[in-house]
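Enquirer: Data file model-v8.tsv (TSV, C-alpha atoms) is appended below.
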```tsv
chain	number	residue	atom	x	y	z
A	1	MET	CA	0.00	0.00	0.00
A	2	PHE	CA	2.81	2.38	0.88
A	3	GLU	CA	4.59	1.77	-2.39
A	4	LYS	CA	1.38	2.58	-4.18
A	5	LEU	CA	1.11	5.72	-2.11
A	6	ILE	CA	4.61	6.80	-3.10
A	7	LYS	CA	3.87	6.16	-6.76
A	8	ARG	CA	0.62	8.04	-6.51
A	9	ILE	CA	2.34	10.97	-4.88
A	10	ALA	CA	5.15	10.93	-7.36
A	11	HIS	CA	2.66	11.27	-10.17
A	12	SER	CA	0.50	13.90	-8.61
A	13	LEU	CA	2.89	16.31	-7.02
A	14	LEU	CA	1.71	19.84	-7.30
A	15	PHE	CA	3.78	21.43	-4.61
A	16	SER	CA	7.37	22.00	-5.52
A	17	VAL	CA	8.32	18.75	-7.11
A	18	SER	CA	7.34	19.09	-10.72
A	19	HIS	CA	8.56	22.62	-10.90
A	20	ASN	CA	11.81	21.74	-9.19
A	21	PHE	CA	12.48	19.06	-11.74
A	22	ASP	CA	11.67	21.66	-14.32
A	23	VAL	CA	13.93	24.18	-12.61
A	24	HIS	CA	16.83	21.74	-12.64
A	25	HIS	CA	16.14	20.92	-16.25
A	26	ARG	CA	16.06	24.55	-17.24
A	27	ILE	CA	19.12	25.45	-15.23
A	28	ILE	CA	21.03	22.73	-17.06
A	29	PHE	CA	19.98	24.29	-20.31
A	30	GLY	CA	20.77	27.79	-19.14
A	31	VAL	CA	17.20	29.00	-18.70
A	32	SER	CA	15.93	29.89	-15.27
A	33	MET	CA	12.32	29.50	-14.28
A	34	ARG	CA	10.76	30.78	-11.11
A	35	TRP	CA	7.84	29.16	-9.38
A	36	ILE	CA	7.34	31.28	-6.32
A	37	TRP	CA	3.77	32.25	-5.59
A	38	ILE	CA	4.28	34.19	-2.37
A	39	ASP	CA	6.40	37.31	-2.00
A	40	ARG	CA	7.24	37.42	1.69
A	41	PHE	CA	6.40	35.88	5.03
A	42	THR	CA	5.07	38.38	7.54
A	43	GLU	CA	4.47	36.00	10.45
A	44	PHE	CA	5.92	32.63	11.29
A	45	GLN	CA	5.29	30.56	14.40
A	46	SER	CA	7.31	27.42	14.08
A	47	GLY	CA	5.15	24.29	13.90
A	48	LYS	CA	1.94	26.30	14.30
A	49	LYS	CA	1.01	28.96	11.78
A	50	ALA	CA	2.33	31.40	9.23
A	51	LYS	CA	1.25	34.36	7.13
A	52	ALA	CA	2.61	35.44	3.79
A	53	VAL	CA	1.72	38.15	1.31
A	54	LYS	CA	1.53	38.07	-2.46
A	55	ASN	CA	1.34	41.22	-4.55
A	56	LEU	CA	-0.49	40.69	-7.80
A	57	SER	CA	0.94	42.46	-10.83
A	58	LEU	CA	-0.53	43.02	-14.25
A	59	ALA	CA	2.90	41.99	-15.55
A	60	GLU	CA	2.41	38.38	-14.48
A	61	ASP	CA	2.19	35.81	-17.25
A	62	TRP	CA	-1.21	34.43	-16.29
A	63	CYS	CA	-2.84	37.80	-17.04
A	64	ILE	CA	-2.25	37.23	-20.77
A	65	GLU	CA	-4.45	34.17	-21.08
A	66	HIS	CA	-6.61	34.24	-17.96
A	67	PHE	CA	-8.43	36.08	-19.40
A	68	PRO	CA	-7.72	38.45	-22.32
A	69	GLY	CA	-9.14	41.81	-21.28
A	70	PHE	CA	-10.23	40.49	-17.88
A	71	PRO	CA	-7.20	39.37	-15.87
A	72	VAL	CA	-8.24	37.27	-12.88
A	73	MET	CA	-5.83	35.07	-10.97
A	74	PRO	CA	-6.42	31.35	-11.69
A	75	ALA	CA	-7.79	29.48	-8.67
A	76	CYS	CA	-5.08	26.81	-8.92
A	77	LEU	CA	-2.39	29.48	-8.55
A	78	LEU	CA	-4.20	30.91	-5.53
A	79	LEU	CA	-4.01	27.43	-3.99
A	80	GLU	CA	-0.36	27.08	-5.01
A	81	GLY	CA	0.47	30.19	-2.96
A	82	LEU	CA	-1.40	28.76	-0.01
A	83	ALA	CA	0.33	25.40	-0.48
A	84	GLN	CA	3.73	27.11	-0.52
A	85	THR	CA	2.88	29.01	2.67
A	86	GLY	CA	1.66	25.84	4.38
A	87	GLY	CA	4.31	23.58	2.86
A	88	ILE	CA	7.19	25.73	4.11
A	89	LEU	CA	5.48	25.89	7.51
A	90	VAL	CA	5.34	22.07	7.58
A	91	GLY	CA	8.89	21.71	6.25
A	92	GLU	CA	10.36	24.10	8.80
A	93	ALA	CA	8.63	22.22	11.62
A	94	ASN	CA	11.08	19.37	10.91
A	95	GLN	CA	14.03	21.64	10.06
A	96	PHE	CA	13.48	20.89	6.35
A	97	ARG	CA	14.61	17.28	6.78
A	98	GLU	CA	11.47	15.88	5.18
A	99	LYS	CA	10.48	16.03	1.57
A	100	VAL	CA	7.10	17.72	1.96
A	101	VAL	CA	4.78	17.27	-0.98
A	102	LEU	CA	1.21	18.28	-1.57
A	103	ALA	CA	-0.73	15.03	-1.59
A	104	LYS	CA	-4.33	16.17	-1.59
A	105	ILE	CA	-6.52	19.24	-1.32
A	106	SER	CA	-9.29	17.84	0.83
A	107	LYS	CA	-11.47	20.90	0.61
A	108	ALA	CA	-11.39	24.24	-1.19
A	109	ILE	CA	-14.02	26.96	-1.17
A	110	PHE	CA	-13.72	30.11	-3.23
A	111	TYR	CA	-15.54	33.26	-2.20
A	112	GLY	CA	-14.19	35.82	-4.63
A	113	ASP	CA	-11.73	36.63	-7.39
A	114	ALA	CA	-8.25	38.09	-7.11
A	115	PHE	CA	-7.12	40.82	-9.49
A	116	PRO	CA	-3.87	42.61	-10.41
A	117	GLY	CA	-3.09	45.45	-8.00
A	118	GLN	CA	-4.31	43.59	-4.96
A	119	GLN	CA	-2.19	42.30	-2.10
A	120	LEU	CA	-3.26	38.85	-0.97
A	121	THR	CA	-2.62	37.51	2.50
A	122	TYR	CA	-2.14	33.77	2.87
A	123	SER	CA	-2.74	32.37	6.37
A	124	ALA	CA	-1.85	28.76	7.14
A	125	GLU	CA	-2.28	26.82	10.34
A	126	ILE	CA	-1.10	23.28	11.08
A	127	LEU	CA	-3.98	21.07	12.24
A	128	VAL	CA	-2.08	17.79	12.41
A	129	LEU	CA	1.64	17.11	12.23
A	130	ARG	CA	2.80	13.50	12.25
A	131	ALA	CA	5.71	11.47	10.98
A	132	GLU	CA	3.76	10.57	7.84
A	133	GLY	CA	2.64	14.08	6.97
A	134	ALA	CA	0.52	17.03	8.01
A	135	THR	CA	-2.84	18.68	7.52
A	136	VAL	CA	-2.96	22.44	7.09
A	137	ARG	CA	-5.95	24.77	7.07
A	138	GLY	CA	-5.50	27.94	5.11
A	139	GLU	CA	-7.27	31.15	4.17
A	140	ILE	CA	-6.68	33.75	1.50
A	141	HIS	CA	-7.75	37.35	2.00
A	142	ASN	CA	-7.59	40.60	0.08
A	143	GLY	CA	-7.67	43.05	2.97
A	144	SER	CA	-10.74	42.03	4.94
A	145	GLN	CA	-12.33	40.30	1.96
A	146	ALA	CA	-12.20	36.50	2.03
A	147	ILE	CA	-11.05	35.07	-1.30
A	148	ALA	CA	-10.77	31.37	-0.46
A	149	GLU	CA	-10.22	28.77	2.22
A	150	ALA	CA	-8.81	25.27	1.89
A	151	GLU	CA	-7.61	22.25	3.75
A	152	ILE	CA	-4.39	20.81	2.38
A	153	PHE	CA	-2.89	17.44	3.13
A	154	PHE	CA	0.90	17.16	2.86
A	155	ALA	CA	2.79	13.88	2.85
A	156	HIS	CA	6.36	13.33	3.94
A	157	LEU	CA	8.01	11.16	1.33
A	158	ASP	CA	9.38	8.34	3.41
A	159	GLN	CA	13.15	8.69	3.70
A	160	ASN	CA	13.92	5.13	2.69
A	161	MET	CA	11.38	4.75	-0.08
A	162	SER	CA	11.90	8.19	-1.50
A	163	SER	CA	15.67	7.94	-1.46
A	164	LYS	CA	15.33	4.93	-3.77
A	165	ILE	CA	13.14	6.89	-6.14
A	166	PHE	CA	14.38	10.44	-5.82
A	167	GLY	CA	17.79	10.16	-4.16
A	168	ASN	CA	18.83	11.72	-0.89
A	169	ASP	CA	18.84	15.29	-2.11
A	170	ASN	CA	15.91	17.20	-0.66
A	171	PHE	CA	14.71	18.64	-3.94
A	172	VAL	CA	11.68	20.24	-2.32
A	173	PHE	CA	13.58	22.57	-0.05
A	174	GLY	CA	16.84	22.76	-1.91
A	175	GLY	CA	16.36	26.17	-3.44
A	176	GLU	CA	14.15	29.19	-3.43
A	177	LEU	CA	11.35	27.81	-1.28
A	178	LYS	CA	13.65	27.49	1.70
A	179	SER	CA	15.32	30.82	0.95
A	180	LEU	CA	11.94	32.55	1.14
A	181	LEU	CA	12.08	32.46	4.92
A	182	LYS	CA	15.49	34.08	5.06
A	183	MET	CA	14.47	36.69	2.52
A	184	SER	CA	11.51	37.61	4.71
A	185	HIS	CA	13.89	38.79	7.43
A	186	ILE	CA	11.86	37.35	10.27
A	187	SER	CA	12.98	35.07	13.04
A	188	THR	CA	11.52	31.61	12.60
A	189	PHE	CA	13.30	28.65	14.04
A	190	ASP	CA	12.75	29.40	17.69
A	191	SER	CA	9.86	31.78	17.42
A	192	SER	CA	6.99	31.01	19.71
A	193	VAL	CA	5.46	34.44	19.28
A	194	ALA	CA	4.22	35.85	16.00
A	195	GLN	CA	6.55	38.43	14.57
A	196	GLY	CA	5.24	41.17	12.36
A	197	SER	CA	7.04	42.65	9.41
B	1	MET	CA	-19.85	6.61	26.84
B	2	ILE	CA	-20.33	7.21	23.14
B	3	THR	CA	-22.62	4.66	21.49
B	4	ARG	CA	-21.78	2.53	18.48
B	5	GLU	CA	-24.37	4.43	16.45
B	6	GLU	CA	-22.73	7.71	17.33
B	7	ILE	CA	-19.33	6.34	16.34
B	8	HIS	CA	-20.74	5.17	13.02
B	9	SER	CA	-22.35	8.52	12.42
B	10	LYS	CA	-19.08	10.39	13.01
B	11	VAL	CA	-17.02	7.94	10.96
B	12	ALA	CA	-19.53	8.17	8.11
B	13	ALA	CA	-19.53	11.99	8.19
B	14	ASN	CA	-15.73	12.02	7.89
B	15	LEU	CA	-15.74	9.50	5.05
B	16	VAL	CA	-18.30	11.58	3.18
B	17	GLU	CA	-15.95	14.55	3.39
B	18	VAL	CA	-12.71	12.69	2.66
B	19	LEU	CA	-14.01	10.59	-0.21
B	20	ASN	CA	-16.60	13.00	-1.58
B	21	VAL	CA	-19.42	10.43	-1.48
B	22	ASP	CA	-23.09	10.68	-0.52
B	23	ASP	CA	-24.47	9.97	2.96
B	24	ASP	CA	-26.40	6.92	1.75
B	25	GLN	CA	-23.21	5.29	0.40
B	26	VAL	CA	-21.45	4.95	3.74
B	27	GLY	CA	-23.46	2.11	5.27
B	28	PRO	CA	-21.77	-0.37	7.63
B	29	GLU	CA	-20.89	-2.85	4.88
B	30	ALA	CA	-19.50	-0.30	2.43
B	31	ARG	CA	-15.94	-1.13	1.34
B	32	LEU	CA	-13.57	1.81	1.33
B	33	GLN	CA	-11.86	0.99	-1.94
B	34	ALA	CA	-14.36	-0.99	-4.00
B	35	ASP	CA	-17.51	0.93	-3.00
B	36	LEU	CA	-16.28	4.34	-1.92
B	37	GLY	CA	-13.31	4.78	-4.28
B	38	ALA	CA	-10.69	5.35	-1.58
B	39	GLU	CA	-7.10	5.57	-2.79
B	40	SER	CA	-3.96	5.03	-0.78
B	41	ILE	CA	-3.48	8.70	0.05
B	42	ASP	CA	-7.04	8.80	1.42
B	43	PHE	CA	-6.17	6.24	4.09
B	44	LEU	CA	-3.71	8.63	5.68
B	45	ASP	CA	-6.24	11.44	5.44
B	46	ILE	CA	-8.84	9.21	7.15
B	47	VAL	CA	-6.42	8.34	9.98
B	48	PHE	CA	-5.62	12.02	10.57
B	49	ARG	CA	-9.30	12.95	10.69
B	50	LEU	CA	-10.34	10.09	12.98
B	51	GLU	CA	-7.63	11.11	15.43
B	52	ARG	CA	-9.01	14.63	15.54
B	53	GLU	CA	-12.64	13.51	15.62
B	54	PHE	CA	-12.29	11.03	18.48
B	55	GLY	CA	-9.27	12.48	20.30
B	56	ILE	CA	-7.30	9.26	19.97
B	57	LYS	CA	-3.86	8.26	18.72
B	58	ILE	CA	-3.81	5.88	15.79
B	59	PRO	CA	-0.26	4.56	15.39
B	60	ARG	CA	1.02	3.95	11.90
B	61	ASN	CA	0.05	0.50	10.59
B	62	GLU	CA	-2.58	-0.13	13.23
B	63	LEU	CA	-5.79	0.67	11.38
B	64	PHE	CA	-4.41	0.08	7.89
B	65	PRO	CA	-1.48	-2.34	8.38
B	66	GLU	CA	1.15	-2.20	5.66
B	67	SER	CA	2.93	-5.46	6.43
B	68	ILE	CA	0.25	-7.54	4.83
B	69	PHE	CA	0.60	-5.59	1.59
B	70	SER	CA	4.37	-5.86	1.45
B	71	GLY	CA	4.28	-8.96	-0.74
B	72	ASP	CA	6.21	-11.05	1.77
B	73	PRO	CA	6.53	-14.54	0.20
B	74	GLU	CA	5.81	-16.05	3.60
B	75	PHE	CA	2.37	-14.50	3.50
B	76	PHE	CA	1.44	-15.26	-0.10
B	77	GLN	CA	1.64	-18.21	-2.45
B	78	ASP	CA	0.23	-17.83	-5.96
B	79	ASP	CA	-1.54	-14.66	-4.86
B	80	LYS	CA	-3.32	-16.55	-2.09
B	81	LEU	CA	-2.73	-15.92	1.57
B	82	THR	CA	-0.78	-18.66	3.31
B	83	GLU	CA	-1.74	-19.85	6.78
B	84	LYS	CA	0.97	-17.62	8.16
B	85	GLY	CA	-0.39	-14.71	6.14
B	86	LEU	CA	-3.90	-15.35	7.41
B	87	ALA	CA	-2.62	-15.50	10.97
B	88	GLU	CA	-0.80	-12.21	10.41
B	89	LEU	CA	-3.97	-10.66	9.04
B	90	LYS	CA	-6.03	-11.85	12.02
B	91	ALA	CA	-3.43	-10.56	14.43
B	92	LYS	CA	-3.13	-7.18	12.74
B	93	MET	CA	-6.83	-6.68	11.98
B	94	PRO	CA	-8.89	-8.13	14.84
B	95	PHE	CA	-11.50	-5.47	14.07
B	96	ALA	CA	-12.20	-6.82	10.56
B	97	ASP	CA	-14.73	-9.49	9.67
B	98	LEU	CA	-12.72	-12.24	7.97
B	99	SER	CA	-15.43	-14.90	7.85
B	100	LYS	CA	-16.28	-14.50	4.14
B	101	PHE	CA	-12.71	-13.65	3.18
B	102	GLU	CA	-11.34	-16.90	4.63
B	103	GLU	CA	-13.34	-18.92	2.10
B	104	ASN	CA	-11.14	-17.57	-0.68
B	105	PRO	CA	-8.29	-15.48	0.78
B	106	THR	CA	-6.78	-13.94	-2.33
B	107	ARG	CA	-4.53	-10.91	-2.39
B	108	GLU	CA	-6.98	-8.84	-4.40
B	109	LYS	CA	-9.74	-9.39	-1.83
B	110	ILE	CA	-7.75	-8.00	1.10
B	111	GLY	CA	-8.90	-4.49	0.27
B	112	ASP	CA	-12.50	-5.58	0.83
B	113	LEU	CA	-11.75	-6.05	4.54
B	114	PHE	CA	-11.53	-2.28	4.97
B	115	THR	CA	-15.18	-1.51	5.51
B	116	VAL	CA	-17.00	1.22	7.40
B	117	ASN	CA	-17.86	-1.42	9.99
B	118	ALA	CA	-14.20	-2.36	10.44
B	119	ILE	CA	-13.33	1.27	11.20
B	120	VAL	CA	-16.25	1.54	13.64
B	121	ASN	CA	-15.08	-1.67	15.37
B	122	TYR	CA	-11.55	-0.31	15.60
B	123	ILE	CA	-12.68	3.03	17.08
B	124	GLU	CA	-15.07	1.31	19.48
B	125	ASN	CA	-12.28	-1.00	20.74
B	126	LYS	CA	-9.91	1.90	21.03
B	127	LEU	CA	-12.33	4.06	23.00
B	128	HIS	CA	-13.32	1.20	25.30
B	129	ALA	CA	-9.68	0.29	25.90
B	130	GLY	CA	-9.01	3.93	26.75
B	131	ALA	CA	-11.97	4.01	29.13
B	132	THR	CA	-10.80	0.79	30.81
B	133	THR	CA	-7.27	2.00	31.37
B	134	ALA	CA	-8.33	5.50	32.43
```
What is this file in structure tokens?
Expert:
Amino acid sequence: MFEKLIKRIAHSLLFSVSHNFDVHHRIIFGVSMRWIWIDRFTEFQSGKKAKAVKNLSLAEDWCIEHFPGFPVMPACLLLEGLAQTGGILVGEANQFREKVVLAKISKAIFYGDAFPGQQLTYSAEILVLRAEGATVRGEIHNGSQAIAEAEIFFAHLDQNMSSKIFGNDNFVFGGELKSLLKMSHISTFDSSVAQGS
Amino acid sequence: MITREEIHSKVAANLVEVLNVDDDQVGPEARLQADLGAESIDFLDIVFRLEREFGIKIPRNELFPESIFSGDPEFFQDDKLTEKGLAELKAKMPFADLSKFEENPTREKIGDLFTVNAIVNYIENKLHAGATTA
């Protein structure tokens, strides 16, 4: 059953994995690609909850196609930002030792659209944290306006199984995702009290 | 003490949410995989939710034991469970009804043992054991 789980995860990774493979591929060929859907953490309580902001710009690629003349942020990218907020929260809880991958979005409710010019706030809270993975509840707001809420289930790729498939390198937190915390200039690793920007 | 009906009701409500099925699909005999479409990742999700719902700890491999799926040649011969495999299954899943399964214990039928009733039995045992030791 666990092998099936690993295979299933490997084929359905949304958070970090596919883009990291892509990043490595593109770096090899001299083209860099960025897949960061939050700009900065503003709060971070280790193992508990985090907040991040994302400024939406009309210069972003999705505005071209989604939709011509009516740019509205795709719902899947809204969830990606929330998954990155929650995924880094879960990863940091174990000092980034685990390969944290998005396994399932158990629930997602959308209340409104997000448009260029807005600043979104992603709030993520850990509901369950176990050796096998974690459940995170998250909300997205534009100011006081609720945009969406979701419950996201993250799996820890088992060290032994995943090392056979993916190697020992922690490809999830090897690059920019982990750096995001440092770039936010907030204390994280021993913070028990929320720290504002 | 919570009644069996109440346990079933809470288990069913969680399965409806996890597996996106209708209320009338989660009867006691419903099989998680064959009837409700559960996939491997859902089993972890179910464990996490049951822990929160009932305030219990469900150790890894206790409700959904992995050893029996590991393909150990001691447990299987020609895709049929050996006596040792059957003993392992009984030991690991005392909360499952094996009576029908024992007639033809094939590997592909193991998934059918994971029913709503099996989960209710497991939770009921767990809660009673907790009450006894408290």
Enquirer: Could you please tell me, as a ChimeraX atom specification, which residues of chain B have an atom within 9 Å of chain A when using all atoms listed in the file?
Expert: /B:17-19,39-42,44-45,48-49,52,60,65-70
Enquirer: Between CA of Glu83 (chain B) and CA of Lys109 (chain B), what distance in Å does the model show, to one decimal?
Expert: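 Pair CA of Glu83 (chain B) / CA of Lys109 (chain B) returns 15.7 Å.
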Enquirer: Within 7 Å of Lys51 (chain A), counting all atoms listed in the file, which residues qualify if same-chain residues fewer than 4 places away don't, as a list in words?
Expert: Phe41, Thr42, Glu43, Phe44, Thr121, Tyr122, Ser123 and Ala124 of chain A
Enquirer: Work out how far apart CA of Ile56 (chain B) and CA of Ala108 (chain A) are and give it in Å to one decimal.
Expert: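 If I compute the distance from CA of Ile56 (chain B) to CA of Ala108 (chain A), I get 26.2 Å.
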Enquirer: Write out as number ranges by chain the residues lying within 10 Å of region 99-105 of chain B, counting all atoms listed in the file and excluding same-chain residues fewer than 6 positions away.
Expert: B: 76, 79-83, 85-86, 112-113
Enquirer: Considering only C-alpha atoms, can you say which of A:Asn94, A:Gln84, A:Ser144, A:Gln119 comes closest to Val53 (chain A)?
Expert: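 Closest candidate: A:Gln119.
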Enquirer: Counting all atoms listed in the file, figure out which residue out of B:Glu88, B:Asp24, B:Glu29, B:Asp35 gets nearest to Ile119 (chain B).
Expert: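 Distance minimum relative to Ile119 (chain B) lands on B:Glu29.
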Enquirer: Which polymer residues have any atom within 10 Å of an atom of Glu60 (chain A), counting only C-alpha atoms, with same-chain residues fewer than 5 positions away left out, as a ChimeraX atom specification?
Expert: /A:71,73,116
Enquirer: Of the candidates B:Leu36, B:Ile46, B:Lys92, B:Pro28, which one gets nearest to Ala118 (chain B) if we count only C-alpha atoms?
Expert: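 Ranking B:Leu36, B:Ile46, B:Lys92, B:Pro28 by distance to Ala118 (chain B), first place goes to B:Pro28.
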Enquirer: Do you have the CA of Gln77 (chain B)-CA of Phe95 (chain B) distance handy?
Expert: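 Separation of CA of Gln77 (chain B) and CA of Phe95 (chain B): 24.7 Å.
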Enquirer: Nearest to Glu51 (chain B): which of B:Ala30, B:Ile110, B:Met1, B:Leu63 is it, counting all atoms listed in the file?
Expert: B:Leu63
Enquirer: Considering all atoms listed in the file, can you say which of A:Val172, A:Ile64, A:Leu181, A:Val100 comes closest to Ala52 (chain A)?
Expert: A:Leu181
Enquirer: Got a sec: who's within 9 Å of region 7-10 of chain B, counting only C-alpha atoms, leaving out chain neighbours fewer than 4 positions off, as a PyMOL selection string?
Expert: chain B and resi 2-3+14-15+27-28+50+53-54+116-117+119-120+123-124
